[in-house]
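Notes follow the structure.
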Amino acid sequence: MPFIPHTDSEIRSMLDTIGVDSIEAVFDEIPDNLRCGKLEGVPEGLTEYEVTRLLHERAADDQALRCFAGAGAYDHHIPAAVWEITTRGEYYSAYTPYQAEASQGTLQLIYEYQSMMASLTGMDISNASLYDGASAMAEAVLMAVRGNRKSKSRKLLVAGTVNPTYCKVTNAIVHNQNISWDEVPFDNASGTTVTAALEAHAGEDYAALVIQQPNFFGSLEAVDEMTNWAHANGMLVVAVVNPMSLAALKAPGQWGEKGADIACGEGQPLGVPMSSGGPYYGFMCCKQPLARQMPGRIVGRTVDLDGNPGFALTLQAREQHIRRSKATSNICTNQGLCVTASTIYMSLLGPEGLARVAGASHSNINKLLTALDAVDGVSLAHAGPHFHEALITLSKPAAVVIEQMANLGFLAGVAVSDDYPQYENALLVCTTETKNDADIAAYAAALDEVLNGEAL
Amino acid sequence: MPFIPHTDSEIRSMLDTIGVDSIEAVFDEIPDNLRCGKLEGVPEGLTEYEVTRLLHERAADDQALRCFAGAGAYDHHIPAAVWEITTRGEYYSAYTPYQAEASQGTLQLIYEYQSMMASLTGMDISNASLYDGASAMAEAVLMAVRGNRKSKSRKLLVAGTVNPTYCKVTNAIVHNQNISWDEVPFDNASGTTVTAALEAHAGEDYAALVIQQPNFFGSLEAVDEMTNWAHANGMLVVAVVNPMSLAALKAPGQWGEKGADIACGEGQPLGVPMSSGGPYYGFMCCKQPLARQMPGRIVGRTVDLDGNPGFALTLQAREQHIRRSKATSNICTNQGLCVTASTIYMSLLGPEGLARVAGASHSNINKLLTALDAVDGVSLAHAGPHFHEALITLSKPAAVVIEQMANLGFLAGVAVSDDYPQYENALLVCTTETKNDADIAAYAAALDEVLNGEAL
Amino acid sequence: MDSVKMEKVIFEHSVAGRRATVQSPVAPADFSDLPQALLREDKPMLPETSELQVVRHYTRLSQKNFSIDTQFYPLGSCTMKYNPRACNTLAMLPNFLGRHPLAPASHSQGFLACMHDLQEILQDVTGMKGVSLTPMAGAQGEFAGVAMIMAYHRKRGDMERNEIIVPDAAHGTNPATAVMCGCVVKEIPTNPEGDVDIEALKAVVGPKTAGIMLTNPSTVGVFERKIEEISKIVHEAGGMLYYDGANLNAILGKVRPGDMGFDVIHMNLHKTFSTPHGGGGPGSGAVGVSERLLPFMPIPHVKQEGDSYRYVTEAECPDSIGRLSGWAGNAGVNLRAYIYARLLGREGMHRVAEFAALNANYLQARLSAEGFDLAYPGRRASHEFIVTLKRQAKDIGLTATDIAKRLLDKGFHAPTIYFPLLVPECLLIEPTETEAKEDLDAFVEAMVEILREAEADIEQAKGAPYTQPVRRLDDVKAARELDVVWSN
Amino acid sequence: MDSVKMEKVIFEHSVAGRRATVQSPVAPADFSDLPQALLREDKPMLPETSELQVVRHYTRLSQKNFSIDTQFYPLGSCTMKYNPRACNTLAMLPNFLGRHPLAPASHSQGFLACMHDLQEILQDVTGMKGVSLTPMAGAQGEFAGVAMIMAYHRKRGDMERNEIIVPDAAHGTNPATAVMCGCVVKEIPTNPEGDVDIEALKAVVGPKTAGIMLTNPSTVGVFERKIEEISKIVHEAGGMLYYDGANLNAILGKVRPGDMGFDVIHMNLHKTFSTPHGGGGPGSGAVGVSERLLPFMPIPHVKQEGDSYRYVTEAECPDSIGRLSGWAGNAGVNLRAYIYARLLGREGMHRVAEFAALNANYLQARLSAEGFDLAYPGRRASHEFIVTLKRQAKDIGLTATDIAKRLLDKGFHAPTIYFPLLVPECLLIEPTETEAKEDLDAFVEAMVEILREAEADIEQAKGAPYTQPVRRLDDVKAARELDVVWSN
Ligand SMILES: Cc1ncc(COP(=O)(O)O)c(C=O)c1O
Ligand SMILES: Cc1ncc(COP(=O)(O)O)c(C=O)c1O
């Protein structure tokens with residue numbers, strides 16, 4: 001019996017203690033007519049060896065591609081130590097640290113994580129994680145609507161350069177509470193938001209302006225101006241940021257004169273594998289005045305009976321298990337193990353290491369764009385600067401190019417035409433520090449072959 | 001500086017404390033003319049990412065083959081838990097448990113290991129491991145020569161069916177001490193030792209008889225008779241055994257009337273990956289009277305100052321760090337981590353699980369031989385019974401078959417002609433529980449193709 | 001005399017200029033081509049440490065946790081059962097980890113096949129008609145479920161239904177979810193036997209009823225015997241039944257939510273399907289739906305076409321409640337659940353509930369015999385049950401917290417305490433099917449010992465724990481003097 | 001008040017009939033076709049436990065170890081430096097683990113290339129002309145080395161040379177190895193400064209001298225300054241120089257054994273090349289040889305031919321001392337060493353000795369300043385150095401054992417004690433290059449604290465440790481009342 005330790009004689013003795021004569025008897029409160037059948041849809045059990053073999057075969061079916069795609073999931077190197085430690089049983093198989101005294105490992109780690117994220121984003125407080133970057137934006141929108149004392153509006157402004165998937169997820173979540181937004185169109189030449197587009201909304205009542213930096217196209221927004229404009233118009237500013245980029249880019253807390261109010265985003269670049277899209281984690285940080293509006297868990301440092309320092313979950317009165325229908329969110333289980341990995345990752349990289357990873361990712365996109373400049377049928381959609389992504393337009397349909405590039409061993413990038421019909425044959429390409437000059441040359445050669453080759 | 005934590009200012013302050021002004025100065029006792037140059041033969045350092053990529057590429061070069069080879073290294077399933085726990089830092093990065101109080105984890109585990117091995121082999125005592133099966137046989141031979149009070153001989157009898165590589169290793173080690181042996185020829189029909197061959201040596205003075213069970217060909221020796229014969233002739237009996245087989249086969253301690261005196265062998269089948277041949281571990285067990293002749297570490301159970309039970313290295317007076325030139329062996333570092341894996345493996349399998357693994361390995365060889373029976377150009381060298389290996393003779397040179405089978409994705413077996421010229425075109429094939437009926441059929445089909453196909 | 005139990009905060013190991021050089025590119029970063037105004041001026045406060053320091057720090061910290069791998073962990077409602085190590089090892093095969101979520105289906109058949117097979121398995125064990133693996137934890141599964149119910153009503157043009165009925169014993173995520181979906185929560189009481197108060201239910205249903213959120217067995221650990229009647233009442237009122245699958249472990253292979261009349265269910269794969277809880281997550285809150293709700297399922301989900309698999313597109317699901325995650329949910333967690341499901345297989349599924357219930361009922365019988373009061377004495381335990389310390393709290397001052405902390409000293413994780421809120425001084429105890437009888441017996445012994453100790457000297461329990469890295473912590477100070485970020 | 005520190009023996013968790021069913025084939029074993037007389041009748045005493053019980057037991061046991069990953073571990077002569085985690089992760093890639101040792105070279109180019117490159121690197125850093133990776137630990141490397149020396153003499157027809165000279169400070173493996181090679185050991189004293197007594201050496205060399213086994217820096221932690229003279233004396237007498245590479249970490253990139261005149265060297269890759277020591281092994285004792293000894297190297301080793309790699313065959317090496325392992329030594333350990341070498345690279349190699357020496361000399365200076373007596377006060381420390389407690393043992397009864405045990409309470413592993421034997425009450429302290437200054441300082445502080453405590457009350461030190469899973473253990477009882485196998 002997989003994972004069940006009971007022997008026959010133990011079962012008998014336990015039944016005796018209960019005072020029944022079969023295991024079936026303990027289910028006697030379930031109406032007979034409801035009892036279920038054989039579960040024919042579930043295959044027979046396999047041994048661990050059989051499952052191992054099956055999964056190795058399945059994994060082999062997923063041919064590894066050299067990854068030039070980003071769009072929210074990034075192919076960074078993860079130090080071996082990160083997951084060797086993260087998957088230690090004591091982290092891996094513990095529950096949420098409700099019993100603080102028996103969970104100081106996880107609690108202290110989260111406290112350290114909060115400290116790192118608050119510093120990276122230039123904010124006062126961080127929570128212990130949300131599900132992922134997309135849903136973190138939804139929570140940030142809800143929080144902004146709750147938290148903006150100056151505005152009664154259930155509307156927001158969202159820059160048109162925010163990851164379209166994040167917008168969809170946000171909509172799926174917040175529209176239930178009658179929250180909606182207006183999109184700020186971006187400039188086609190630069191791929192960024194221009195002040196004129198914002199000015200069109202001056203004086204209107206919005207709860208917040210949502211800005212992504214670097215934006216979906218990998219371009220850099222004029223975050224200082226946008227932040228100042230939003231604040232001047234009574235809005236809060238929600239910053240959606242790539243935490244890796246914050247080793248180089250101005251922290252949201254320093255945007256404009258007063259800084260963004262909420263920073264959120266996808267934690268994946270910090271030590272979490274791409275893994276088909278999850279588990280990742282959403283991070284969220286905010287300025288002090290919004291602290292009690294924050295969704296999710298928060299760990300605080302306190303003292304024990306002997307006066308020694310220790311860590312515990314705190315501000316729980318925001319959470320569903322205490323506040324129920326009045327909670328700041330329904331989130332309960334978060335993405336703790338990914339946070340564990342990220343904390344170890346950030347510790348291993350440190351400020352200089354993180355800057356170098358960001359730096360190599362950035363210089364590689366410039367190298368790639370230079371290499372692609374020489375390829376017929378490729379042009380750059382937006383003038384720079386780019387952080388580590390850029391949109392290129394192609395002489396063939398993106399879907400075809402992606403498929404053919406895959407056959408050559410490359411994940412060529414991400415097609416965006418579903419969300420931006422104006423970019424029909426375009427690919428969003430991305431480089432990280434894991435690409436070297438040879439990879440970039442090979443990519444350009446392959447793309448040349450696909451676009452301009454004879455027989456494919 | 002990889003793995004070096006020192007900052008410039010720390011280095012300066014440390015040099016100040018030492019009272020020198022450069023690191024070079026602490027090497028001032030080394031004569032200048034000896035100082036070495038640039039190490040041009042060592043490549044530039046790589047980052048972890050670069051090394052990761054290199055090693056993934058190298059690993060991909062070693063195409064995985066479906067393994068039908070054995071000959072001392074066996075392709076068994078290893079439960080995932082085994083190495084996930086074994087590589088925990090506390091096991092992985094500890095030294096030999098000299099400070100017993102700070103090493104109770106490793107020490108208790110070894111005590112458990114010793115108990116399991118002693119029971120599997122039917123012996124009184126086990127050590128904590130030797131290097132590998134081959135060198136364990138060498139140590140057993142030395143031990144037998146030391147330990148046989150009835151014999152002054154530096155000669156042994158070794159069955160001709162003992163793994164020829166083990167014999168080579170043993171010879172490389174023991175010939176330095178003028179120890180040698182006579183080989184007992186085996187019967188060509190059965191592939192086993194027959195009593196007549198032993199009788200030829202009756203009355204001669206040998207320190208011990210070495211028997212392998214199952215023997216190198218996978219056949220089963222008449223161990224009871226051989227043991228009784230050796231004892232009757234004043235010899236000790238050294239049993240070289242596959243520990244996996246002991247889930248099914250009679251334990252050496254029960255061979256004949258008095259049982260073998262020393263049991264040793266290769267621990268790899270018990271949870272250690274094939275891994276190009278190492279690290280594996282040699283096990284060694286013996287009867288009580290030989291205990292103080294045992295090489296290697298031994299853990300004992302004792303009590304602490306409070307009278308609580310605890311574990312510590314014991315009988316250290318046999319070892320080189322105490323006895324120096326009079327030690328039972330020069331072994332110091334052994335194969336502890338592999339023993340850790342094996343102990344966890346044996347615990348996960350238990351007596352019934354181990355028997356089933358042995359059982360499936362065994363029944364698969366019968367299935368394979370049946371399937372090969374239908375293949376032209378294949379015949380069985382020795383009549384059964386076979387444990388999980390057998391020698392088959394082929395209509396083409398073994399080396400060619402191995403190469404062609406490899407191109408079809410199979411490791412076909414092991415050629416033996418270097419050691420047994422009489423078996424020119426023969427392959428020693430092996431099955432474990434990791435082969436299913438489809439694998440066996442595929443192997444037979446591939447071999448048919450190689451031996452009888454048109455174009456290859 | 002004690003070794004230093006305190007572990008410095010990682011920043012205390014930090015020295016300016018120190019770093020693990022092999023972990024980043026050799027070349028220093030150069031952002032000079034970016035506008036100066038957009039660049040960061042300060043150095044973020046990340047630790048400057050060596051690789052060894054980091055490994056040592058986080059290895060040592062880990063040892064300060066209780067976990068299933070090290071302790072019996074009978075945390076009610078959380079199903080802390082063994083997380084098979086193979087699930088982790090196999091889910092972390094390089095090709096699985098390295099797959100970008102947008103890799104083309106043509107090069108992702110292995111992963112997609114696993115997800116498809118898992119959908120089918122979950123569909124069968126819950127008795128539903130479709131499954132989406134997208135929700136990232138139980139609460140998001142609840143969200144998906146209630147959002148689907150609302151979408152269904154709206155699609156039919158029924159714009160008024162906005163009330164979600166929730167029993168008072170429900171988990172906090174239930175009412176919180178309802179509110180996130182724009183609904184109004186109607187709470188109904190639990191009767192003294194632990195069942196829903198049918199009369200109260202009848203009183204609250206009506207034309208505004210969107211649905212009811214239930215878990216069965218409920219959070220008080222007993223099977224809701226009148227489930228069919230409840231189903232009838234709610235359905236006749238035009239509402240739908242939502243099943244909170246956090247307790248699915250109790251009935252896996254015994255009774256299926258679909259057969260009980262539920263229209264939608266979320267599963268906590270990190271409970272019933274044994275994916276690790278990771279010290280707080282990630283989980284996976286897969287949802288299953290009845291025929292009527294199929295069009296509303298969150299995207300994406302995997303579809304089989306002939307021999308191949310692909311995600312359904314947005315265009316194919318115009319009525320979907322949409323996307324709840326950036327990609328397809330917690331794929332790696334779902335992979336672990338899939339591996340677990342294949343290891344268990346059909347027969348194993350049936351055994352889960354059997355042995356979870358056997359263990360719970362055994363523990364309930366033993367604790368009751370030892371003098372502990374059960375909250376619902378006449379009832380069968382499901383996979384869990386409640387002990388109430390109301391009497392001991394009154395008589396000797398022994399609270400649920402005290403017993404919880406003292407259990408830590410005895411080497412056991414505490415049960416869930418003070419949930420559900422309606423039972424005073426409650427311990428919600430869930431042993432799970434993977435624990436051996438001897439460990440249950442040892443737990444009973446510890447409970448009895450604690451009671452005896454407390455009867456002799458209550459201060460000992462009040463001061464507990466004594467053997468952990470810290471003594472009992474001051475939660476009030478934690479909230480009042482907020483220290484949530486390290487500063488040097 | 002303490003939580004149960006004792007962990008049952010695994011057999012105490014065993015219950016007849018319990019098992020982890022997914023770990024073995026479904027079908028019961030059937031050996032009925034084998035002769036009954038050859039089959040086992042009794043059931044071997046292996047634990048009958050569940051998977052969770054095994055995981056929990058061995059996870060908990062692991063927590064009872066000190067290790068580099070959790071503690072500073074200045075165990076002299078053992079080079080307990082950081083074992084980079086990448087070395088483990090990469091050496092355990094499925095294709096490496098799954099390679100049968102006899103897989104054809106055509107399908108093994110990746111592995112063979114790694115082994116070949118490692119041979120080249122080791123050759124260069126030691127200044128030798130050939131390297132074989134076959135020996136499985138230092139002692140087997142010593143064996144290979146002495147056996148090669150003997151083979152060399154014999155091949156030349158010199159049948160008399162059978163004496164191996166060994167300084168009294170040498171590691172026990174040196175004399176034990178010499179005896180295993182059929183040699184006679186000639187011990188020579190160490191002078192008060194820690195160098196070889198040259199006069200004693202001169203007195204002992206002669207026509208029977210096969211060779212001398214040295215390590216430089218020696219086991220007393222100082223560099224043998226007269227190495228060239230020693231080399232001359234031994235070589236002129238017709239003997240060969242063997243280098244015990246256990247201390248290679250002290251000189252890596254600074255001076256090469258080959259350049260010092262050594263004819264053969266073994267390396268402890270589990271020390272200098274940072275492969276893990278695994279709680280006792282496995283290690284790897286690669287040997288390097290000079291031109292003269294090339295024909296005698298143990299087989300196999302890897303040869304490059306054009307773009308491809310293969311093992312040399314026995315037939316190609318008629319003079320080889322032969323095989324020392326079933327296959328090719330501890331391949332997986334060598335793989336880890338290779339990865340480490342590539343991470344360090346040329347520059348990193350040079351830094352190893354520099355920072356190992358910086359740390360050792362710093363610690364030596366600080367401890368000396370705090371009043372601890374150095375065994376060789378006038379000398380530079382190499383990568384390690386010796387403190388002697390002779391004075392404290394006499395004055396207050398504080399022994400090396402006491403300080404070692406008390407250090408455990410302070411959270412530090414103890415240095416090596418009572419080795420080398422010639423220094424009374426000695427602590428051989430090797431911090432390694434991977435430890436940070438702050439940890440060295442903390443160690444000094446602990447040492448000083450222990451001394452102060454002992455001056456005030458020696459009983460505290462005598463009773464140590466207090467914070468470990470057990471108090472000080474009775475070694476005498478362990479040896480007298482031998483309990484080495486569990487019995488119920
Ligand atoms: C009864 C019940 N419902 C819902 C949930 C919420 O699940 P999750 O934590 O995965 O969001 C839980 C988990 O704590 C629960 O116990
Ligand atoms: C100086 C010295 N020589 C030889 C050895 C033996 O090496 P191994 O333990 O790898 O056999 C050691 C290791 O303890 C040592 O310190």
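Going through the structure tokens in order, the chains are called A, B, and so on, while each chain numbers its residues from 1 and the ligands are numbered from 1 in the order shown.
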
At most 12 Å to chain C: residues in chain B, only C-alpha atoms, as an MDAnalysis selection string | chainID B and resid 1:11 44:53 56 60 77:85 88:90 93

Put those residues in a file: C-alpha atoms, as an mmCIF file, in the first residue's frame.
```cif
data_model
loop_
_atom_site.group_PDB
_atom_site.id
_atom_site.type_symbol
_atom_site.label_atom_id
_atom_site.label_comp_id
_atom_site.auth_asym_id
_atom_site.auth_seq_id
_atom_site.Cartn_x
_atom_site.Cartn_y
_atom_site.Cartn_z
ATOM 1 C CA MET B 1 37.752 35.151 -5.944
ATOM 2 C CA PRO B 2 35.856 31.860 -6.124
ATOM 3 C CA PHE B 3 34.998 30.561 -2.668
ATOM 4 C CA ILE B 4 37.251 33.020 -0.870
ATOM 5 C CA PRO B 5 35.413 35.438 1.373
ATOM 6 C CA HIS B 6 38.196 37.913 2.086
ATOM 7 C CA THR B 7 37.785 41.572 1.271
ATOM 8 C CA ASP B 8 40.760 43.838 0.676
ATOM 9 C CA SER B 9 40.433 45.548 3.994
ATOM 10 C CA GLU B 10 40.174 42.252 5.839
ATOM 11 C CA ILE B 11 43.292 41.023 4.103
ATOM 12 C CA GLU B 44 40.986 30.008 -16.977
ATOM 13 C CA GLY B 45 38.312 29.789 -14.323
ATOM 14 C CA LEU B 46 34.697 29.513 -15.375
ATOM 15 C CA THR B 47 31.600 30.822 -13.720
ATOM 16 C CA GLU B 48 29.175 28.306 -12.305
ATOM 17 C CA TYR B 49 26.887 28.941 -15.248
ATOM 18 C CA GLU B 50 29.646 28.210 -17.734
ATOM 19 C CA VAL B 51 30.617 25.046 -15.924
ATOM 20 C CA THR B 52 26.994 24.012 -15.724
ATOM 21 C CA ARG B 53 26.619 24.360 -19.421
ATOM 22 C CA HIS B 56 25.425 19.407 -19.394
ATOM 23 C CA ALA B 60 24.688 14.786 -23.299
ATOM 24 C CA HIS B 77 16.333 1.404 -9.388
ATOM 25 C CA ILE B 78 17.383 3.761 -6.623
ATOM 26 C CA PRO B 79 14.526 5.375 -4.702
ATOM 27 C CA ALA B 80 14.602 9.150 -5.012
ATOM 28 C CA ALA B 81 14.712 9.526 -1.252
ATOM 29 C CA VAL B 82 18.094 7.799 -1.072
ATOM 30 C CA TRP B 83 20.269 10.488 -2.587
ATOM 31 C CA GLU B 84 18.035 13.399 -1.644
ATOM 32 C CA ILE B 85 18.831 12.517 1.954
ATOM 33 C CA ARG B 88 22.122 16.650 2.753
ATOM 34 C CA GLY B 89 25.010 18.847 3.833
ATOM 35 C CA GLU B 90 25.201 17.227 7.251
ATOM 36 C CA SER B 93 30.155 17.647 4.088
#
```

Would you list the contacts of Ala134 of chain A as a PyMOL selection string, taking every protein, DNA or RNA residue within 8 Å and counting only C-alpha atoms, but skipping same-chain residues closer than 4 positions in sequence?
-> (chain A and resi 138+165-167+169-170+265-266+282) or (chain C and resi 324-326)

Could the residues that lie within 10 Å of ligand 2, counting only C-alpha atoms and all ligand atoms, be listed as a ChimeraX atom specification?
-> /B:95-96,320-321,330-334 /D:75-79,135-143,169-174,177,213-220,243-248,266-271,277,280-285,416,419-420

Writing out the chosen residues with C-alpha atoms as an mmCIF file, in the first residue's frame:
```cif
data_model
loop_
_atom_site.group_PDB
_atom_site.id
_atom_site.type_symbol
_atom_site.label_atom_id
_atom_site.label_comp_id
_atom_site.auth_asym_id
_atom_site.auth_seq_id
_atom_site.Cartn_x
_atom_site.Cartn_y
_atom_site.Cartn_z
ATOM 1 C CA TYR B 95 34.463 14.366 8.014
ATOM 2 C CA THR B 96 35.068 10.962 9.537
ATOM 3 C CA GLN B 320 46.741 2.836 10.959
ATOM 4 C CA HIS B 321 46.318 6.021 12.940
ATOM 5 C CA ASN B 330 46.420 1.250 5.551
ATOM 6 C CA ILE B 331 42.829 2.235 4.835
ATOM 7 C CA CYS B 332 41.750 5.518 6.371
ATOM 8 C CA THR B 333 39.127 7.369 4.294
ATOM 9 C CA ASN B 334 36.534 4.814 3.224
ATOM 10 C CA LEU D 75 40.146 19.780 11.508
ATOM 11 C CA GLY D 76 43.883 19.810 10.837
ATOM 12 C CA SER D 77 45.216 17.665 7.994
ATOM 13 C CA CYS D 78 41.660 17.256 6.670
ATOM 14 C CA THR D 79 41.170 20.481 4.705
ATOM 15 C CA PRO D 135 43.296 5.257 -6.375
ATOM 16 C CA MET D 136 40.187 5.587 -4.257
ATOM 17 C CA ALA D 137 41.591 7.555 -1.337
ATOM 18 C CA GLY D 138 44.822 8.975 -0.049
ATOM 19 C CA ALA D 139 45.986 5.713 1.457
ATOM 20 C CA GLN D 140 45.414 3.870 -1.792
ATOM 21 C CA GLY D 141 47.274 6.620 -3.582
ATOM 22 C CA GLU D 142 50.147 6.016 -1.188
ATOM 23 C CA PHE D 143 49.933 2.355 -1.959
ATOM 24 C CA ALA D 169 55.416 12.919 12.353
ATOM 25 C CA ALA D 170 54.012 11.119 9.322
ATOM 26 C CA HIS D 171 50.404 10.145 9.063
ATOM 27 C CA GLY D 172 49.708 6.551 10.094
ATOM 28 C CA THR D 173 48.813 5.616 6.564
ATOM 29 C CA ASN D 174 52.445 6.130 5.485
ATOM 30 C CA THR D 177 51.210 1.557 3.350
ATOM 31 C CA MET D 213 57.598 9.309 2.213
ATOM 32 C CA LEU D 214 57.249 12.965 3.026
ATOM 33 C CA THR D 215 54.617 15.571 3.065
ATOM 34 C CA ASN D 216 55.662 19.146 2.651
ATOM 35 C CA PRO D 217 54.508 21.150 4.492
ATOM 36 C CA SER D 218 54.762 18.360 6.984
ATOM 37 C CA THR D 219 52.047 17.196 9.324
ATOM 38 C CA VAL D 220 53.375 19.565 11.962
ATOM 39 C CA TYR D 243 54.994 13.072 -1.686
ATOM 40 C CA ASP D 244 51.987 12.565 0.552
ATOM 41 C CA GLY D 245 49.662 15.131 -1.009
ATOM 42 C CA ALA D 246 47.295 15.420 1.903
ATOM 43 C CA ASN D 247 48.786 18.854 2.497
ATOM 44 C CA LEU D 248 48.783 20.024 -1.095
ATOM 45 C CA HIS D 266 49.236 11.230 -4.370
ATOM 46 C CA MET D 267 46.630 13.913 -4.018
ATOM 47 C CA ASN D 268 43.682 13.833 -1.703
ATOM 48 C CA LEU D 269 41.104 15.251 -4.056
ATOM 49 C CA HIS D 270 38.675 15.116 -1.144
ATOM 50 C CA LYS D 271 40.850 17.698 0.544
ATOM 51 C CA HIS D 277 34.289 13.887 2.717
ATOM 52 C CA GLY D 280 34.201 9.310 6.111
ATOM 53 C CA GLY D 281 34.510 9.039 2.354
ATOM 54 C CA PRO D 282 34.569 8.443 -0.541
ATOM 55 C CA GLY D 283 37.703 10.294 -1.472
ATOM 56 C CA SER D 284 40.002 10.059 -4.407
ATOM 57 C CA GLY D 285 43.745 9.594 -4.227
ATOM 58 C CA THR D 416 42.507 17.445 15.088
ATOM 59 C CA PHE D 419 48.059 14.025 15.893
ATOM 60 C CA PRO D 420 50.901 14.205 15.112
#
```

What residues in segment 75-227 of chain B get the DSSP label alpha helix (DSSP H)? Please answer as an MDAnalysis selection string.
-> chainID B and resid 80:86 89:92 104:121 133:147 164:174 195:199 223:227

Do you know which residues are at most 9 Å from Ile173 of chain B counting only C-alpha atoms, after dropping those on the same chain fewer than 4 positions away, and could you put them as a PyMOL selection string?
-> (chain B and resi 135+138-139+168-169+177) or (chain D and resi 143+147+180-181+321-324)

Would you give me, as a VMD selection string, the residues of chain D that come within 9 Å of chain C, using only C-alpha atoms?
-> chain D and resid 1 to 4 13 22 50 to 53 55 to 60 63 68 to 71 81 to 85 93 to 94 343 to 344 408 to 411 434 to 436 438 466 to 468

Which residues come within 10 Å of Leu46 of chain D, counting only C-alpha atoms, excluding same-chain residues fewer than 2 positions away, as a ChimeraX atom specification?
-> /B:112-113,115-117,119-120,247,343,346-354 /D:10-11,14,43-44,48-49

Within segment 258-384 of chain C, find each residue whose DSSP state, derived from the backbone, is strand (DSSP E or B), and express the selection as a list in words.
->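 Residues meeting the strand (DSSP E or B) criterion: Val264, Ile265, His266, Met267, Val287, Gly288, Val289, Ile299, Val302, Lys303, Gln304, Glu305, Ser308, Tyr309, Arg310, Tyr311, Arg323, Asp373 and Leu374 of chain C.
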
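Taking atom CA of Ala331 of chain C as the reference point, atom CA of Leu39 of chain A is found at 24.3 Å.
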
Looking at B:Val174, B:Val145, B:Val357, B:Leu428, which one is nearest to chain A, with distances taken over only C-alpha atoms?
-> B:Val357

Can you tell me how far atom CA of Ala371 of chain A sits from atom CA of Ala406 of chain A, in Å to one decimal?
->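 Distance between the two atoms: 19.3 Å.
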
Point-to-point distance in Å for atom CA of Gln213 of chain A and atom CA of Ser245 of chain A =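 Separation of atom CA of Ser245 of chain A and atom CA of Gln213 of chain A: 8.6 Å.
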
Excluding Leu358 of chain D and any residue of its chain fewer than 5 positions from it, enumerate the residues within 8 Å of it, using only C-alpha atoms, and give them as a ChimeraX atom specification.
-> /B:14-15,23,26 /D:383,433

Selection above as a file: N, CA, C and O atoms, as a short mmCIF file (atom, residue, chain, number, x, y, z; two decimals), in the first residue's frame:
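Now in out16.cif:
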```
data_model
loop_
_atom_site.label_atom_id
_atom_site.label_comp_id
_atom_site.auth_asym_id
_atom_site.auth_seq_id
_atom_site.Cartn_x
_atom_site.Cartn_y
_atom_site.Cartn_z
N MET B 14 44.38 41.45 8.49
CA MET B 14 44.94 40.15 8.87
C MET B 14 46.46 40.15 8.72
O MET B 14 47.18 39.60 9.56
N LEU B 15 46.93 40.74 7.64
CA LEU B 15 48.39 40.82 7.45
C LEU B 15 49.02 41.61 8.59
O LEU B 15 50.09 41.25 9.10
N ILE B 23 50.71 38.76 1.35
CA ILE B 23 50.46 37.33 1.51
C ILE B 23 51.70 36.56 1.10
O ILE B 23 52.06 35.56 1.72
N VAL B 26 54.13 35.24 3.76
CA VAL B 26 53.96 34.06 4.61
C VAL B 26 54.52 32.80 3.94
O VAL B 26 54.58 31.74 4.54
N HIS D 383 49.19 25.83 5.88
CA HIS D 383 47.73 25.97 5.89
C HIS D 383 47.18 25.55 7.25
O HIS D 383 45.99 25.59 7.49
N GLU D 433 40.94 28.09 3.35
CA GLU D 433 40.79 29.40 2.73
C GLU D 433 39.35 29.87 2.62
O GLU D 433 39.11 31.05 2.33
#
```
